[in-house]
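*Asks:* For reference, the file target.cif (mmCIF, C-alpha atoms and all ligand atoms) is included below:
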```
data_model
loop_
_atom_site.label_atom_id
_atom_site.label_comp_id
_atom_site.auth_asym_id
_atom_site.auth_seq_id
_atom_site.Cartn_x
_atom_site.Cartn_y
_atom_site.Cartn_z
CA MET Q 1 -15.72 18.78 33.22
CA SER Q 2 -14.15 15.29 33.62
CA THR Q 3 -10.69 14.49 32.21
CA GLU Q 4 -12.44 12.36 29.60
CA GLN Q 5 -14.67 15.28 28.63
CA LEU Q 6 -11.67 17.66 28.71
CA THR Q 7 -9.70 15.48 26.32
CA ARG Q 8 -12.83 14.97 24.26
CA ALA Q 9 -13.25 18.77 24.15
CA ALA Q 10 -10.17 18.64 21.92
CA ASP Q 11 -12.09 16.49 19.39
CA ARG Q 12 -10.57 17.55 16.07
CA TYR Q 13 -13.66 16.56 14.12
CA PRO Q 14 -16.75 17.51 16.17
CA THR Q 15 -20.07 16.35 14.69
CA ARG Q 16 -23.64 15.44 15.61
CA LEU Q 17 -23.91 18.97 17.05
CA ASP Q 18 -26.79 21.17 18.20
CA THR Q 19 -25.87 23.93 15.77
CA ARG Q 20 -24.13 24.13 12.40
CA LEU Q 21 -20.34 24.42 12.30
CA ASP Q 22 -18.24 25.42 9.29
CA PRO Q 23 -16.35 22.72 7.40
CA ILE Q 24 -12.96 21.80 8.92
CA ASP Q 25 -9.83 21.24 6.84
CA ARG Q 26 -8.35 17.77 7.16
CA VAL Q 27 -5.07 17.56 9.10
CA GLU Q 28 -3.93 14.05 8.20
CA PRO Q 29 -2.38 12.96 4.90
CA THR Q 30 -4.44 10.72 2.62
CA VAL Q 31 -1.49 8.54 1.66
CA TRP Q 32 0.64 7.49 4.64
CA GLY Q 33 3.10 5.12 3.02
CA PRO Q 34 5.95 5.66 0.49
CA PRO Q 35 5.90 4.70 -3.22
CA ALA Q 36 8.36 1.92 -2.42
CA GLY Q 37 5.92 0.58 0.18
CA GLY Q 38 3.71 -1.41 -2.18
CA PRO Q 39 2.33 -1.96 -5.69
CA LEU Q 40 0.97 1.54 -6.27
CA THR Q 41 3.14 3.83 -8.36
CA GLU Q 42 4.05 7.43 -7.55
CA SER Q 43 1.32 8.67 -9.91
CA ASP Q 44 -1.25 6.29 -8.33
CA LEU Q 45 -0.38 7.74 -4.91
CA GLN Q 46 -0.53 11.32 -6.18
CA SER Q 47 -3.95 10.61 -7.69
CA MET Q 48 -5.19 9.10 -4.42
CA GLU Q 49 -3.84 12.04 -2.42
CA ARG Q 50 -5.50 14.52 -4.78
CA ASN Q 51 -8.84 12.85 -5.52
CA GLY Q 52 -9.33 10.60 -2.50
CA TYR Q 53 -10.08 7.58 -4.68
CA LEU Q 54 -8.36 5.26 -7.14
CA VAL Q 55 -9.78 2.69 -9.57
CA ARG Q 56 -7.76 -0.51 -10.05
CA PRO Q 57 -9.06 -2.72 -12.89
CA ASP Q 58 -8.75 -6.53 -12.62
CA ALA Q 59 -8.05 -6.52 -8.89
CA VAL Q 60 -9.78 -9.89 -8.74
CA ASP Q 61 -9.04 -12.25 -11.61
CA SER Q 62 -12.01 -13.50 -13.62
CA PRO Q 63 -11.64 -17.17 -12.44
CA TRP Q 64 -12.55 -15.96 -8.91
CA LEU Q 65 -15.69 -14.15 -9.95
CA PRO Q 66 -18.20 -16.98 -10.58
CA THR Q 67 -17.24 -18.51 -7.20
CA LEU Q 68 -17.60 -15.18 -5.41
CA GLN Q 69 -20.94 -14.55 -7.08
CA SER Q 70 -22.28 -17.98 -6.10
CA GLU Q 71 -20.96 -17.45 -2.56
CA LEU Q 72 -22.91 -14.20 -2.46
CA GLU Q 73 -26.09 -15.95 -3.64
CA ARG Q 74 -25.58 -18.75 -1.10
CA ILE Q 75 -25.12 -16.28 1.78
CA ALA Q 76 -28.12 -14.16 0.73
CA ALA Q 77 -30.36 -17.22 0.30
CA ARG Q 78 -29.45 -18.62 3.72
CA ALA Q 79 -29.70 -15.27 5.50
CA ASP Q 80 -31.38 -15.79 8.87
CA SER Q 81 -34.00 -13.13 9.38
CA ASP Q 82 -32.87 -12.53 12.98
CA ASP Q 83 -29.15 -12.16 12.16
CA PRO Q 84 -28.43 -8.42 12.73
CA ARG Q 85 -25.61 -8.61 10.18
CA ILE Q 86 -28.17 -9.11 7.43
CA ILE Q 87 -29.71 -5.78 6.45
CA ARG Q 88 -32.83 -5.89 4.30
CA GLU Q 89 -34.34 -3.40 1.87
CA PRO Q 90 -37.81 -2.09 2.78
CA GLY Q 91 -39.33 -4.68 0.43
CA GLY Q 92 -37.46 -7.54 2.12
CA SER Q 93 -34.63 -8.25 -0.34
CA VAL Q 94 -31.15 -8.43 1.18
CA ARG Q 95 -29.46 -5.02 1.07
CA SER Q 96 -26.17 -5.71 2.92
CA VAL Q 97 -24.38 -8.59 4.60
CA PHE Q 98 -21.81 -7.58 7.24
CA GLN Q 99 -18.83 -9.80 8.09
CA PRO Q 100 -19.20 -11.80 4.86
CA HIS Q 101 -15.66 -13.13 5.37
CA LEU Q 102 -17.02 -15.05 8.35
CA PHE Q 103 -19.73 -16.61 6.20
CA SER Q 104 -17.32 -17.63 3.40
CA ASP Q 105 -13.68 -18.76 3.29
CA VAL Q 106 -13.51 -17.66 -0.35
CA ILE Q 107 -14.41 -14.09 0.59
CA SER Q 108 -11.87 -14.09 3.41
CA GLU Q 109 -9.18 -15.11 0.90
CA VAL Q 110 -9.89 -11.97 -1.14
CA VAL Q 111 -8.67 -9.88 1.79
CA THR Q 112 -5.10 -11.17 1.49
CA LEU Q 113 -4.84 -11.11 -2.30
CA ASP Q 114 -1.64 -9.41 -3.47
CA THR Q 115 -3.86 -6.86 -5.27
CA VAL Q 116 -5.64 -6.00 -2.01
CA LEU Q 117 -3.72 -6.27 1.29
CA PRO Q 118 -0.40 -4.74 0.09
CA VAL Q 119 -2.34 -1.78 -1.37
CA ALA Q 120 -4.08 -1.15 1.96
CA ARG Q 121 -0.76 -1.33 3.85
CA GLN Q 122 0.89 1.04 1.38
CA LEU Q 123 -1.91 3.59 1.55
CA LEU Q 124 -2.09 3.48 5.36
CA GLY Q 125 1.66 3.13 5.87
CA SER Q 126 1.35 0.44 8.54
CA ASP Q 127 -0.02 -2.96 9.44
CA VAL Q 128 -3.77 -2.96 8.97
CA TYR Q 129 -6.86 -4.79 10.16
CA LEU Q 130 -10.46 -5.03 8.98
CA HIS Q 131 -12.51 -2.34 10.67
CA GLN Q 132 -15.59 -3.50 8.78
CA ALA Q 133 -16.45 -5.76 5.86
CA ARG Q 134 -19.74 -5.97 4.02
CA ILE Q 135 -21.36 -6.88 0.75
CA ASN Q 136 -23.82 -4.31 -0.57
CA LEU Q 137 -26.03 -6.22 -2.94
CA MET Q 138 -27.92 -3.29 -4.52
CA PRO Q 139 -30.39 -5.82 -5.97
CA GLY Q 140 -32.08 -5.27 -9.33
CA PHE Q 141 -35.37 -3.30 -9.22
CA THR Q 142 -35.35 -3.03 -5.39
CA GLY Q 143 -31.91 -1.67 -4.48
CA SER Q 144 -32.44 1.60 -2.63
CA GLY Q 145 -29.45 3.94 -2.67
CA PHE Q 146 -27.09 5.32 -0.06
CA TYR Q 147 -27.50 9.05 0.54
CA TRP Q 148 -24.44 11.35 0.47
CA HIS Q 149 -22.18 10.79 3.48
CA SER Q 150 -18.62 10.52 4.74
CA ASP Q 151 -17.90 7.10 6.25
CA PHE Q 152 -15.39 8.66 8.63
CA GLU Q 153 -18.08 10.94 10.07
CA THR Q 154 -19.95 7.83 11.22
CA TRP Q 155 -16.87 5.84 12.21
CA HIS Q 156 -15.56 8.80 14.25
CA ALA Q 157 -18.90 9.65 15.86
CA GLU Q 158 -20.23 6.14 16.50
CA ASP Q 159 -17.19 3.83 16.45
CA GLY Q 160 -14.61 6.14 18.04
CA MET Q 161 -12.18 6.14 15.12
CA PRO Q 162 -9.68 8.87 16.07
CA GLU Q 163 -7.99 9.83 12.80
CA MET Q 164 -8.61 9.74 9.06
CA ARG Q 165 -6.32 6.74 8.53
CA ALA Q 166 -8.69 4.14 7.05
CA VAL Q 167 -9.49 3.20 3.48
CA SER Q 168 -12.24 1.19 1.76
CA CYS Q 169 -11.71 -1.25 -1.06
CA SER Q 170 -14.90 -1.85 -3.03
CA ILE Q 171 -14.62 -4.86 -5.32
CA ALA Q 172 -17.28 -5.18 -8.00
CA LEU Q 173 -18.85 -8.65 -8.15
CA THR Q 174 -21.22 -7.59 -10.91
CA GLU Q 175 -20.88 -4.95 -13.63
CA ASN Q 176 -21.14 -1.46 -12.17
CA TYR Q 177 -23.00 0.47 -14.88
CA PRO Q 178 -23.75 4.22 -14.75
CA TYR Q 179 -27.40 3.32 -14.21
CA ASN Q 180 -27.55 0.50 -11.64
CA GLY Q 181 -26.56 2.27 -8.44
CA SER Q 182 -22.81 2.63 -8.98
CA LEU Q 183 -20.91 4.80 -6.54
CA MET Q 184 -20.73 8.58 -6.95
CA VAL Q 185 -17.84 10.39 -5.26
CA MET Q 186 -16.91 14.04 -4.90
CA PRO Q 187 -13.21 14.00 -5.87
CA GLY Q 188 -11.10 15.96 -3.37
CA SER Q 189 -13.88 16.22 -0.77
CA HIS Q 190 -11.91 13.90 1.52
CA ARG Q 191 -9.74 16.91 2.44
CA VAL Q 192 -12.67 18.56 4.23
CA PHE Q 193 -14.60 17.34 7.29
CA TYR Q 194 -18.24 18.40 7.27
CA PRO Q 195 -19.62 18.56 10.82
CA CYS Q 196 -23.25 17.45 10.94
CA VAL Q 197 -26.16 18.69 13.05
CA GLY Q 198 -28.32 16.26 15.04
CA ALA Q 199 -27.44 14.05 17.99
CA THR Q 200 -26.93 10.32 17.47
CA PRO Q 201 -30.10 8.43 18.49
CA ARG Q 202 -29.64 5.34 20.67
CA ASN Q 203 -29.07 2.23 18.48
CA ASN Q 204 -28.89 4.48 15.43
CA HIS Q 205 -27.38 1.67 13.34
CA THR Q 206 -30.65 -0.29 13.42
CA SER Q 207 -32.06 2.29 11.01
CA SER Q 208 -29.05 4.14 9.54
CA LEU Q 209 -27.89 1.11 7.54
CA VAL Q 210 -31.11 1.24 5.51
CA LYS Q 211 -31.66 5.01 5.46
CA GLN Q 212 -29.00 7.30 6.96
CA GLU Q 213 -30.61 10.50 8.28
CA ILE Q 214 -28.17 11.51 11.04
CA GLY Q 215 -24.57 12.35 10.18
CA VAL Q 216 -25.38 13.65 6.70
CA PRO Q 217 -24.60 17.24 5.67
CA ASP Q 218 -27.47 19.61 4.89
CA ARG Q 219 -28.38 20.37 1.26
CA ALA Q 220 -26.68 23.78 1.22
CA THR Q 221 -23.43 22.16 2.37
CA LEU Q 222 -23.76 19.32 -0.17
CA THR Q 223 -24.53 21.83 -2.95
CA ALA Q 224 -21.42 23.85 -2.10
CA ALA Q 225 -19.34 20.65 -1.97
CA ALA Q 226 -20.64 19.47 -5.34
CA GLU Q 227 -19.94 22.91 -6.86
CA ARG Q 228 -16.40 22.90 -5.42
CA PHE Q 229 -15.38 19.29 -6.10
CA GLY Q 230 -17.72 18.00 -8.80
CA ILE Q 231 -19.13 14.47 -8.92
CA ASP Q 232 -17.46 11.44 -10.48
CA GLN Q 233 -19.39 8.24 -11.16
CA VAL Q 234 -17.30 5.11 -10.71
CA THR Q 235 -18.17 2.27 -13.10
CA GLY Q 236 -16.41 -0.85 -14.30
CA PRO Q 237 -16.72 -4.59 -14.91
CA ALA Q 238 -16.79 -7.26 -12.18
CA GLY Q 239 -13.32 -7.58 -10.66
CA THR Q 240 -12.66 -3.83 -10.61
CA ALA Q 241 -11.50 -2.41 -7.25
CA LEU Q 242 -12.38 1.11 -6.14
CA TRP Q 243 -10.15 2.35 -3.30
CA PHE Q 244 -11.68 5.34 -1.54
CA ASP Q 245 -10.59 7.37 1.44
CA CYS Q 246 -12.62 7.06 4.66
CA ASN Q 247 -13.65 10.73 4.47
CA ILE Q 248 -14.61 11.17 0.83
CA MET Q 249 -18.19 12.34 0.28
CA HIS Q 250 -19.96 9.54 -1.60
CA GLY Q 251 -23.32 7.98 -2.24
CA SER Q 252 -25.25 5.93 -4.75
CA GLY Q 253 -28.63 6.13 -6.40
CA SER Q 254 -31.36 3.49 -6.33
CA ASN Q 255 -31.30 0.60 -8.75
CA ILE Q 256 -34.45 0.19 -10.85
CA THR Q 257 -32.70 -1.81 -13.56
CA PRO Q 258 -32.73 -5.62 -13.74
CA TYR Q 259 -28.95 -5.64 -13.14
CA PRO Q 260 -27.70 -5.95 -9.51
CA ARG Q 261 -24.70 -3.89 -8.48
CA SER Q 262 -23.17 -6.19 -5.87
CA ASN Q 263 -19.83 -5.13 -4.39
CA ILE Q 264 -17.67 -6.39 -1.54
CA PHE Q 265 -16.50 -3.52 0.70
CA LEU Q 266 -13.38 -4.18 2.78
CA VAL Q 267 -12.60 -1.36 5.22
CA PHE Q 268 -8.97 -1.34 6.34
CA ASN Q 269 -7.92 0.65 9.37
CA SER Q 270 -4.34 1.31 10.47
CA VAL Q 271 -3.26 -0.50 13.62
CA GLU Q 272 -2.09 2.97 14.71
CA ASN Q 273 -5.69 4.19 14.59
CA GLN Q 274 -7.39 1.88 17.09
CA LEU Q 275 -10.99 2.66 18.00
CA GLU Q 276 -11.60 4.59 21.21
CA ALA Q 277 -14.90 5.49 22.87
CA PRO Q 278 -17.40 6.97 20.38
CA PHE Q 279 -16.85 10.70 19.88
CA SER Q 280 -20.56 11.47 19.46
CA ALA Q 281 -22.66 8.55 20.60
CA ASP Q 282 -23.61 7.06 23.95
CA GLU Q 283 -22.18 3.60 23.31
CA PRO Q 284 -20.04 1.78 20.76
CA ARG Q 285 -21.69 -0.02 17.85
CA PRO Q 286 -21.54 -3.82 17.61
CA GLU Q 287 -18.34 -5.64 16.64
CA TYR Q 288 -19.59 -6.42 13.10
CA LEU Q 289 -19.79 -2.68 12.32
CA GLY Q 290 -16.63 -1.50 14.08
CA ALA Q 291 -14.14 -4.25 15.00
CA ARG Q 292 -12.50 -3.86 18.40
CA THR Q 293 -11.06 -7.35 18.71
CA HIS Q 294 -9.10 -8.10 15.57
CA GLN Q 295 -6.00 -9.73 14.18
CA ALA Q 296 -3.73 -7.36 12.26
CA PHE Q 297 -2.86 -8.49 8.75
CA SER Q 298 0.87 -7.96 9.12
CA THR Q 299 3.52 -8.97 6.61
CA ALA Q 300 3.16 -12.53 7.90
CA ALA Q 301 -0.25 -12.66 6.24
CA LEU Q 302 1.37 -11.67 2.97
CA VAL Q 303 3.79 -14.54 3.14
CA GLY Q 304 0.78 -16.81 3.37
O1 LIG Q 401 -22.39 3.00 9.13
C1 LIG Q 401 -21.54 2.41 8.46
O2 LIG Q 401 -20.49 1.96 8.94
C2 LIG Q 401 -21.89 2.15 7.02
N1 LIG Q 401 -22.71 3.16 6.45
C3 LIG Q 401 -22.49 3.65 5.22
C4 LIG Q 401 -23.57 4.43 4.57
N2 LIG Q 401 -21.33 3.50 4.58
C5 LIG Q 401 -20.22 2.92 5.37
C6 LIG Q 401 -20.69 1.81 6.22
O3 LIG Q 401 -21.02 0.70 5.51
FE FE Q 402 -20.33 4.66 2.85
#
```
Represent the supplied structure as structure tokens.
*Replies:*
Amino acid sequence: MSTEQLTRAADRYPTRLDTRLDPIDRVEPTVWGPPAGGPLTESDLQSMERNGYLVRPDAVDSPWLPTLQSELERIAARADSDDPRIIREPGGSVRSVFQPHLFSDVISEVVTLDTVLPVARQLLGSDVYLHQARINLMPGFTGSGFYWHSDFETWHAEDGMPEMRAVSCSIALTENYPYNGSLMVMPGSHRVFYPCVGATPRNNHTSSLVKQEIGVPDRATLTAAAERFGIDQVTGPAGTALWFDCNIMHGSGSNITPYPRSNIFLVFNSVENQLEAPFSADEPRPEYLGARTHQAFSTAALVG
């Protein structure tokens, strides 16, 4: 066994296996920084540590919202069919746009808002960078859902993310109702890693971003998780931010209503948690899914 394989044999979170493995308790903390380290209060941090998610109303002020919504429409309308960062629903409508901050200066400004970047740094207890950014449009009538999954399972297996020290900030650009594909989370499930069965196919991301079939727990495991942790549905008006831990079990249903559920997802990773070689895939995914060349948003970015 090579040194690489030997060190990889010590993979704390094995997944994409031939046979089922019992759930593994998380080792890392959820909150890495102190209460004094940012805008979140002690009770916010305790809630995040316990539940693995935190809702922050009015993270983006209402004056921003019409501009962000028209930016979203502009990007979706101009989407080149051969741009791999544009993911389409089976019927052809735009499902996701990756690296939206590179399509729009307005969207890139959201990253360094004082309601966004300082929260990420406090939760991760370090300088941070964008591991991934996307807009999930969840269009009216045609938005197909996202099956239950842990983001970390994919980012560990396919992007080589070593530890659970990343957090997503989902900012609602449209009203997230209970019925238009809003996110469902299993509160507390972030404290358990669920190894999955099934090897990663080559170029898995060319299909997994529309319908994820590999790296999802089986129904017995999901049933036990739902019984143990319950399911919370996260709703709120445009401008609401949902912060959720990289490993929380989450998903969303399809949207058959006329009302789109379009959210920006900013995934912050700690600079102490740089991507390595994939833990369970033959080769790394493209830069727009797992950033390997990035500029850390250190305190300098906060000064502006
Ligand atoms: O593969 C990924 O990175 C993406 N897949 C899902 C279902 N959520 C996280 C991320 O956008
Ligand atoms: Fe996800």
*Asks:* Could you make a table, as CSV, of the residues of chain Q that have an atom within 10 Å of an atom of ligand FE 402 (chain Q), each with its nearest atom pair and distance in Å to one decimal, counting all atoms listed in the file, in chain and number order?
*Replies:*
```
residue,atom,partner,partner_atom,distance
Q:Phe146,CA,Q:FE402,FE,7.4
Q:Tyr147,CA,Q:FE402,FE,8.7
Q:Trp148,CA,Q:FE402,FE,8.2
Q:His149,CA,Q:FE402,FE,6.4
Q:Ser150,CA,Q:FE402,FE,6.4
Q:Asp151,CA,Q:FE402,FE,4.8
Q:Phe152,CA,Q:FE402,FE,8.6
Q:Glu153,CA,Q:FE402,FE,9.8
Q:Thr154,CA,Q:FE402,FE,9.0
Q:Ser168,CA,Q:FE402,FE,8.9
Q:Leu183,CA,Q:FE402,FE,9.4
Q:Leu209,CA,Q:FE402,FE,9.6
Q:Gln212,CA,Q:FE402,FE,10.0
Q:Phe244,CA,Q:FE402,FE,9.7
Q:Cys246,CA,Q:FE402,FE,8.3
Q:Asn247,CA,Q:FE402,FE,9.2
Q:Ile248,CA,Q:FE402,FE,8.9
Q:Met249,CA,Q:FE402,FE,8.4
Q:His250,CA,Q:FE402,FE,6.6
Q:Gly251,CA,Q:FE402,FE,6.8
Q:Ser252,CA,Q:FE402,FE,9.1
Q:Phe265,CA,Q:FE402,FE,9.3
```
*Asks:* Axis-aligned box over every listed atom of range 153-166 of chain Q, padded by 3 Å per side: centre and edges in Å to one decimal, as JSON?
*Replies:*
```
{"center_x": -13.3, "center_y": 7.4, "center_z": 12.5, "size_x": 19.9, "size_y": 13.1, "size_z": 17.0}
```
*Asks:* Let me make sure I understand: among Q:Ala172, Q:Ile87, Q:Leu124, Q:Val119, which one has the smallest atom-to-atom distance to ligand LIG 401 (chain Q) if we use only C-alpha atoms and all ligand atoms?
*Replies:* Q:Ile87
*Asks:* Which residue is closest to Val216 in chain Q? Choose from Q:Ile171, Q:Ile24, Q:Ala199, Q:Ile75 and count all atoms listed in the file.
*Replies:*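 Smallest distance to Val216 in chain Q is found for Q:Ala199.
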*Asks:* Counting all atoms listed in the file, which of Q:Gly160, Q:Pro90, Q:Pro237, Q:Pro14 gets nearest to ligand LIG 401 (chain Q)?
*Replies:*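 Ranked by minimum distance to ligand LIG 401 (chain Q), first place goes to Q:Gly160.
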*Asks:* With 6 Å as the threshold, what does the neighbourhood of (-18.0, 9.1, -7.2) contain in terms of residues, counting all atoms listed in the file? Coordinates are those of the file; answer as number ranges by chain.
*Replies:* Q: 183-186, 231-234, 250
*Asks:* Which polymer residues have any atom within 6 Å of an atom of Arg95 in chain Q, counting all atoms listed in the file, with same-chain residues fewer than 3 positions away left out, as a VMD selection string?
*Replies:* chain Q and resid 87 to 89 136 to 137
*Asks:* Rounded to one decimal in Å, what is the spacing between CA of Ala226 in chain Q and CA of Arg26 in chain Q?
*Replies:*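 The value is 17.6 Å.
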*Asks:* Tell me, in Å to one decimal, how far CA of Gly92 in chain Q is from CA of Ala238 in chain Q.
*Replies:*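 So the answer is 25.1 Å.
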*Asks:* Determine the nearest neighbour of Gly188 in chain Q from the options Q:Tyr288, Q:Phe229, Q:Trp64, Q:Trp243, counting all atoms listed in the file.
*Replies:*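 Residue with the minimum atom-to-atom distance to Gly188 in chain Q: Q:Phe229.
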*Asks:* Between CA of Val60 in chain Q and CA of Pro139 in chain Q, what is the spacing in Å?
*Replies:*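 Taking CA of Pro139 in chain Q as the start and CA of Val60 in chain Q as the end point, the length is 21.2 Å.
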*Asks:* For each of Q:Ile256, Q:Ala241, Q:Ile214, Q:Ala10, take the minimum atom-to-atom distance to ligand LIG 401 (chain Q), counting only C-alpha atoms and all ligand atoms, then give the residue where this is smallest.
*Replies:* Q:Ile214
*Asks:* Quick one: residues within 8 Å of Glu28 in chain Q, all atoms listed in the file counted, chain neighbours fewer than 3 positions away excluded, as an NGL selection string?
*Replies:* :Q and (163-165)
*Asks:* Can you find the residues with an atom no farther than 12 Å from (1.1, 1.3, -8.7), counting all atoms listed in the file, and report them as a list in words?
*Replies:*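 Every residue inside that radius is included here: Pro34, Pro35, Ala36, Gly37, Gly38, Pro39, Leu40, Thr41, Glu42, Ser43, Asp44, Leu45, Gln46, Ser47, Met48, Leu54, Val55, Arg56, Pro57, Thr115, Val116, Pro118, Val119, Gln122 and Leu123 of chain Q.
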*Asks:* Using all atoms listed in the file, which of the listed residues (Q:Gly198, Q:Pro84, Q:Pro278, Q:Gly215) sits closest to ligand LIG 401 (chain Q)?
*Replies:*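 Using all atoms listed in the file, the shortest distance to ligand LIG 401 (chain Q) belongs to Q:Gly215.
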